[in-house]
Amino acid sequence: MERKVLIWRGGPDSGTSFAEYRVPFTSRSTVLDALLYIQRQLDPTLAFRYACRKGMCGTCGIRVNGVERLACSTHLSIVPGKEVRLEPLRHLPVIRDLAVDFTPFFQRWVRLNGAFVSSDAGDHLYGSSLPEPLVRWRECISCALCYSACDTVGRATSFAGPAALNRALTLAIDPRDKGNRWHRVDRIEGALGCHAMGVCTLVCPKGLDPATAIQRLRWRRLA
Amino acid sequence: MGEIGLEIIEELTADILILGGGGAALMCALHATDQVPTPRVLLVVKGLLGKSGCTRMVQGGMNAVLNPEDSLEAHFRDTVVGGAFLNDQELVWLLVTHAPRIVFELENRYGILFDRDEYGRIHQKPFAGQSFNRTVHKGDLTGIEVMERLREAVWARSSLVFLEDAQAVALLPGEEGGVGGALVLDHRSGHFLVVRAKATVLATGGGPTFYRFSTPSREKSLDGIALAYRAGAELMDLEMIQFHPTGLVCPGSELNGAVLEEGLRGAGAVLLNARGERFMVRYDPTRMERSTRDIVARAAYMEIMEGRGTPQGGVYIDISHLGRERVEAMFPGMVERTRMAGYDLATGPVEVCPTAHFIMGGIRIDEMCRTSLPGLYAAGEDAAGVHGANRLGGNGIAESLVFGALAGELLREEVAEKALPRVDILYARDAVRELMDGLSTEQGESPAGLWAELKDLMWTHVGVVREEALLREAIRRLEGLRERARKLWVGPTNRFNLTLMQALSLRNALEVAWLVAHSALYRNESRGAHFRRDHPSSWEVPKNLVLRRSLSGEPSFEWRSPRMTRLQPEEVKGWSERS
Amino acid sequence: MKGPSLLYALRWVRGMDIARWAHRLQRWSGLFLTAFAMWHTVQLYRSARDPGSLATHLALLYNPWFMVAITLVVGFHGLNGLRQLVYEVGILGITSQRRLVLVVGMLVLLLAFGVMAWRGV
């Protein structure tokens, strides 16, 4: 079996150009397998990111036929249509081809004060579990798929983005954290800037729900 | 090759240069800058900070003595016995004594949250080879939790500077025969940088990816060990490579070799060969599938090599008898991964085979993380001595986090007194020229092709079961591969060149592979993870194999006694019967 | 990764996404309605001085196709706005809310058909 794969090629200043390749595949082949096949056998100049290849590192995020997905976790056989069109994630500077620079994604996270602030409890270990299901929302792998899918992130360069806000919620419910971030969250650059389109939740590869996390932040419904 | 900058574009300086971006590297960076005055720390990461590497991929958990019914002595003993007494016992003592406070730190300082039991205490699960249930974890993705919080902490600390998509290609000599920094290739710009540093820490995470089946993150290629070797540092026990018994068989896909956690066998999974036999009965009839990793891995390997494996070269693991719902509840991540690969762990057998997982050997260090070269330090999988001949599950991430932290704390004080060394710029320029000479846009071998050959060769000749004839042939053929790798074709491109990255990684992997084959040949005994079909028993007295690149360019080997300062083999009941 | 539901599958078609379109339409319909309200007010003020123009204006407003159009616009803007409000106060999760866009769409079409029937189109 073979599929036609179109890949966006270019650098930070180039226009849109798609290169076309034909890739053999089996029922187990993923988009990452296709990319590696192309780079190793057909075109050594192709640039893209990958690391763990099993959906844990959140490095290989790209857009497949316009939808944000992890390349390592997307089978070629489920991509509909005649061709597979691969483009880099949105709202991040392109280094080359599909490889993007994640810095703005993480910088917005930092600006939201999205890091744990220790209360220096020293030897004391927190005694009980955090409430479900919010504990599940700690499992974000910072893959930036939600960030790319969010239109508001593109339109408002100071908007923190779904992943950062999701983290703000998991910090807000963490009784050990002593950080001050409500002043960053309760504004247009924070939770108030979200237009509730919910595409972030739709694309999360780990099944998290940033849209609902933001909703809860808005209403301080932390329980 | 005009597109990749021939010049060294920039010279950077730092108090502490850390090569790596995983658990050991980030702990080192954070601990070095925890107090004022903070040294200037620069991290150089091959991929993305906190996302590449294998700490991230840890599913099991981290061992630490937290329960009053447990003891440091027990953890120590388990580790040394597991390591077949090849461990440096002072390093093991550091591991077990510091692991508990690191657990506290991870929770209180960095906000990591480990699972709790029904009484609200940290839950510690059982893991093979340990006398007490001491493995601290978060679900089955402890690594993600730890690395996400550490990543967050590093990004939030403005005093920490890091370069991503940057790879050190050579260590630079400093003063008095030590190391003064590194030559780094910045893949984003395609230019070289010279970094001068008072201390250079190798924390690149080992990563034996030169086997047909291997578990580590795909960018790993034993860079730290190769760099240390070329700089003349002492390496130790390189032949000790751990093969995890159950890696996914998924040919043609990068999922090949991805690990299925030990917990499966602990929960009652059975291993079957192609004939449907539970073959473990022939290798360990008492413990069957719950035997230690090395025994199970060898058993599976032998079944496959003797023709009782599946056509794709694996055996089967089957836990479906527990019932679909139970399996899905207990191992959600693994069920999903097997489905990605075309199997279903919840309802049927999954094809697996042994897969290269971890290298116990590496750069020899002392209890201050110092290597044999002044100015050069190592922590994490790059370092040797902590695990001896075989690593216990849960001790790997413990090693990275503990020794990363120790290195950071020690270096913070050390560099306060030191002056920034001068580096030999001519050496750096020569290194660049030599590197460029070996790469071409027009001719040479393709790195991808050589990688495939290397992986196949190592799998069949320096794999789970070794013997002299195959090892000698491996050495010969590795030399052939190294010769062919002198001129590599990297294609006409400038920045972020994957083929160039693969070429650099290949050279490091080839270098270390050759040393591994030599070491495996030298050690004509079987101990821990290293098994010689022609020498199946262990020597009475354990010995470390230390090697170093001599001035002639060839490695020189030496046997040394492991530091057995706290526990002797005779003190362990039944130890002598194992040999 | 999770498989495609209908709403998700729609995204595979170049950039089309139900909630993004709903958001855009809300903005455009809002603009249109603001412009219409201003124009309508201006026309009413004018008609005080010029009764003839009122008849023209009313004729337009009573035009069946215009009524259908305005029903669609007001209907969508109103019902979608209600849906957004319901989401923002925290009733129902995001997936239900996205499904509600389809419900809103269907209701609006029903309304429009109703108007068409009433005006004998």
# chains A, B, ... in the order shown; residues from 1 in each chain; ligands from 1
>>> interface_residues(of="chain A", to="chain B", cutoff="6 Å", atoms="only C-alpha atoms", output="JSON, numbers by chain")
{"A": [28, 29, 33, 40, 44, 45, 51, 52, 57, 110, 115, 116, 118, 127, 128]}
>>> write_last_selection(atoms="C-alpha atoms", output="mmCIF file, in the first residue's frame")
data_model
loop_
_atom_site.group_PDB
_atom_site.id
_atom_site.type_symbol
_atom_site.label_atom_id
_atom_site.label_comp_id
_atom_site.auth_asym_id
_atom_site.auth_seq_id
_atom_site.Cartn_x
_atom_site.Cartn_y
_atom_site.Cartn_z
ATOM 1 C CA ARG A 28 0.917 -0.229 11.824
ATOM 2 C CA SER A 29 2.732 2.643 10.156
ATOM 3 C CA ASP A 33 7.335 6.241 10.389
ATOM 4 C CA ARG A 40 16.166 8.258 5.319
ATOM 5 C CA PRO A 44 17.600 13.768 3.561
ATOM 6 C CA THR A 45 16.836 17.464 3.812
ATOM 7 C CA ALA A 51 12.164 11.712 20.483
ATOM 8 C CA CYS A 52 10.360 9.013 22.473
ATOM 9 C CA CYS A 57 7.455 13.378 25.249
ATOM 10 C CA VAL A 110 6.123 31.321 32.462
ATOM 11 C CA ALA A 115 5.262 27.006 37.948
ATOM 12 C CA PHE A 116 4.988 25.475 41.389
ATOM 13 C CA SER A 118 7.313 25.872 47.191
ATOM 14 C CA GLY A 127 -0.963 13.715 53.510
ATOM 15 C CA SER A 128 -3.699 12.962 51.057
#
>>> interface_residues(of="chain A", to="chain C", cutoff="9 Å", atoms="only C-alpha atoms", output="ChimeraX atom specification")
/A:64-67,69-70,73-74,78-81,151,195-199,201-207,209,211-212,215-216,218-219,221
>>> atom_distance(atom1="CA of Asp140 in chain B", atom2="CA of Val100 in chain A")
29.2 Å
>>> residues_around(residues="Val68 in chain C", least_positions_apart="6", cutoff="9 Å", atoms="only C-alpha atoms", output="list in words")
Leu111, Ala112, Phe113, Gly114, Val115 and Met116 of chain C
>>> select_by_dssp(residues="chain C", states="helix (DSSP H, G or I)", output="ChimeraX atom specification")
/C:6-12,18-49,51-62,64-88,94-118
>>> residues_around(residues="Leu545 in chain B", least_positions_apart="5", cutoff="6 Å", atoms="only C-alpha atoms", output="PDB file with N, CA and C atoms, in the first residue's frame")
ATOM      1  N   MET B 236      34.146   2.436  32.418  1.00  0.00           N
ATOM      2  CA  MET B 236      34.121   1.195  33.182  1.00  0.00           C
ATOM      3  C   MET B 236      32.925   0.328  32.833  1.00  0.00           C
ATOM      4  N   ASP B 237      33.155  -0.993  32.773  1.00  0.00           N
ATOM      5  CA  ASP B 237      32.065  -1.979  32.657  1.00  0.00           C
ATOM      6  C   ASP B 237      31.097  -1.713  31.497  1.00  0.00           C
ATOM      7  N   GLU B 558      42.148  -2.499  31.935  1.00  0.00           N
ATOM      8  CA  GLU B 558      42.750  -2.808  33.237  1.00  0.00           C
ATOM      9  C   GLU B 558      41.670  -3.377  34.138  1.00  0.00           C
ATOM     10  N   TRP B 559      42.026  -4.354  34.937  1.00  0.00           N
ATOM     11  CA  TRP B 559      41.074  -4.882  35.909  1.00  0.00           C
ATOM     12  C   TRP B 559      41.295  -4.192  37.236  1.00  0.00           C
TER      13      TRP B 559
END
>>> select_by_dssp(residues="range 18-126 of chain B", states="strand (DSSP E or B)", output="list in words")
Ile18, Leu19, Val41, Leu42, Leu43, Val44, Met62, Asn63, Arg116, Ile122, Gln124 and Lys125 of chain B
>>> atom_distance(atom1="CA of Val296 in chain B", atom2="CA of Gly268 in chain B")
14.2 Å
>>> residues_around(residues="Leu450 in chain B", least_positions_apart="2", cutoff="9 Å", atoms="only C-alpha atoms", output="mmCIF file with N, CA and C atoms, in the first residue's frame")
data_model
loop_
_atom_site.group_PDB
_atom_site.id
_atom_site.type_symbol
_atom_site.label_atom_id
_atom_site.label_comp_id
_atom_site.auth_asym_id
_atom_site.auth_seq_id
_atom_site.Cartn_x
_atom_site.Cartn_y
_atom_site.Cartn_z
ATOM 1 N N GLU B 445 28.843 7.429 2.707
ATOM 2 C CA GLU B 445 27.786 6.484 3.054
ATOM 3 C C GLU B 445 26.626 7.215 3.692
ATOM 4 N N SER B 446 25.467 6.611 3.571
ATOM 5 C CA SER B 446 24.290 7.185 4.214
ATOM 6 C C SER B 446 24.261 6.755 5.677
ATOM 7 N N PRO B 447 24.110 7.702 6.591
ATOM 8 C CA PRO B 447 24.073 7.340 8.018
ATOM 9 C C PRO B 447 22.967 6.345 8.331
ATOM 10 N N ALA B 448 21.816 6.485 7.660
ATOM 11 C CA ALA B 448 20.697 5.590 7.960
ATOM 12 C C ALA B 448 21.064 4.147 7.667
ATOM 13 N N ALA B 452 21.480 1.007 10.458
ATOM 14 C CA ALA B 452 20.761 -0.270 10.374
ATOM 15 C C ALA B 452 21.728 -1.435 10.470
ATOM 16 N N GLU B 453 22.875 -1.316 9.775
ATOM 17 C CA GLU B 453 23.865 -2.402 9.836
ATOM 18 C C GLU B 453 24.426 -2.562 11.238
ATOM 19 N N LEU B 454 24.704 -1.427 11.883
ATOM 20 C CA LEU B 454 25.241 -1.471 13.243
ATOM 21 C C LEU B 454 24.262 -2.166 14.174
ATOM 22 N N LYS B 455 22.988 -1.802 14.059
ATOM 23 C CA LYS B 455 21.981 -2.376 14.960
ATOM 24 C C LYS B 455 21.846 -3.883 14.766
ATOM 25 N N LEU B 481 32.809 -0.951 9.765
ATOM 26 C CA LEU B 481 31.764 0.081 9.766
ATOM 27 C C LEU B 481 32.368 1.442 10.097
ATOM 28 N N ARG B 484 34.009 2.856 7.101
ATOM 29 C CA ARG B 484 33.035 3.376 6.143
ATOM 30 C C ARG B 484 32.386 4.652 6.651
ATOM 31 N N ALA B 485 32.345 4.807 7.975
ATOM 32 C CA ALA B 485 31.714 6.004 8.534
ATOM 33 C C ALA B 485 32.647 7.208 8.538
ATOM 34 N N LEU B 506 25.748 8.543 14.904
ATOM 35 C CA LEU B 506 26.303 7.272 14.434
ATOM 36 C C LEU B 506 27.754 7.128 14.861
#
>>> residues_around(residues="range 413-420 of chain B", least_positions_apart="3", cutoff="9 Å", atoms="only C-alpha atoms", output="ChimeraX atom specification")
/B:13-16,32,37-39,180,196-199,408-410
>>> closest_residue(among="B:Leu426, B:Ser440, B:Arg364, B:Glu336", to="chain C", atoms="only C-alpha atoms")
B:Glu336
>>> residues_around(residues="His183 in chain A", least_positions_apart="4", cutoff="12 Å", atoms="only C-alpha atoms", output="list in words")
Arg111, Leu112, Asn113, Ala168, Gly179, Arg187, Ile188, Glu189, Gly190, Ala191, Leu192 and Leu217 of chain A
>>> closest_residue(among="C:Val86, C:Val73, C:Ala59, C:Met67", to="Gly30 in chain C", atoms="only C-alpha atoms")
C:Val73
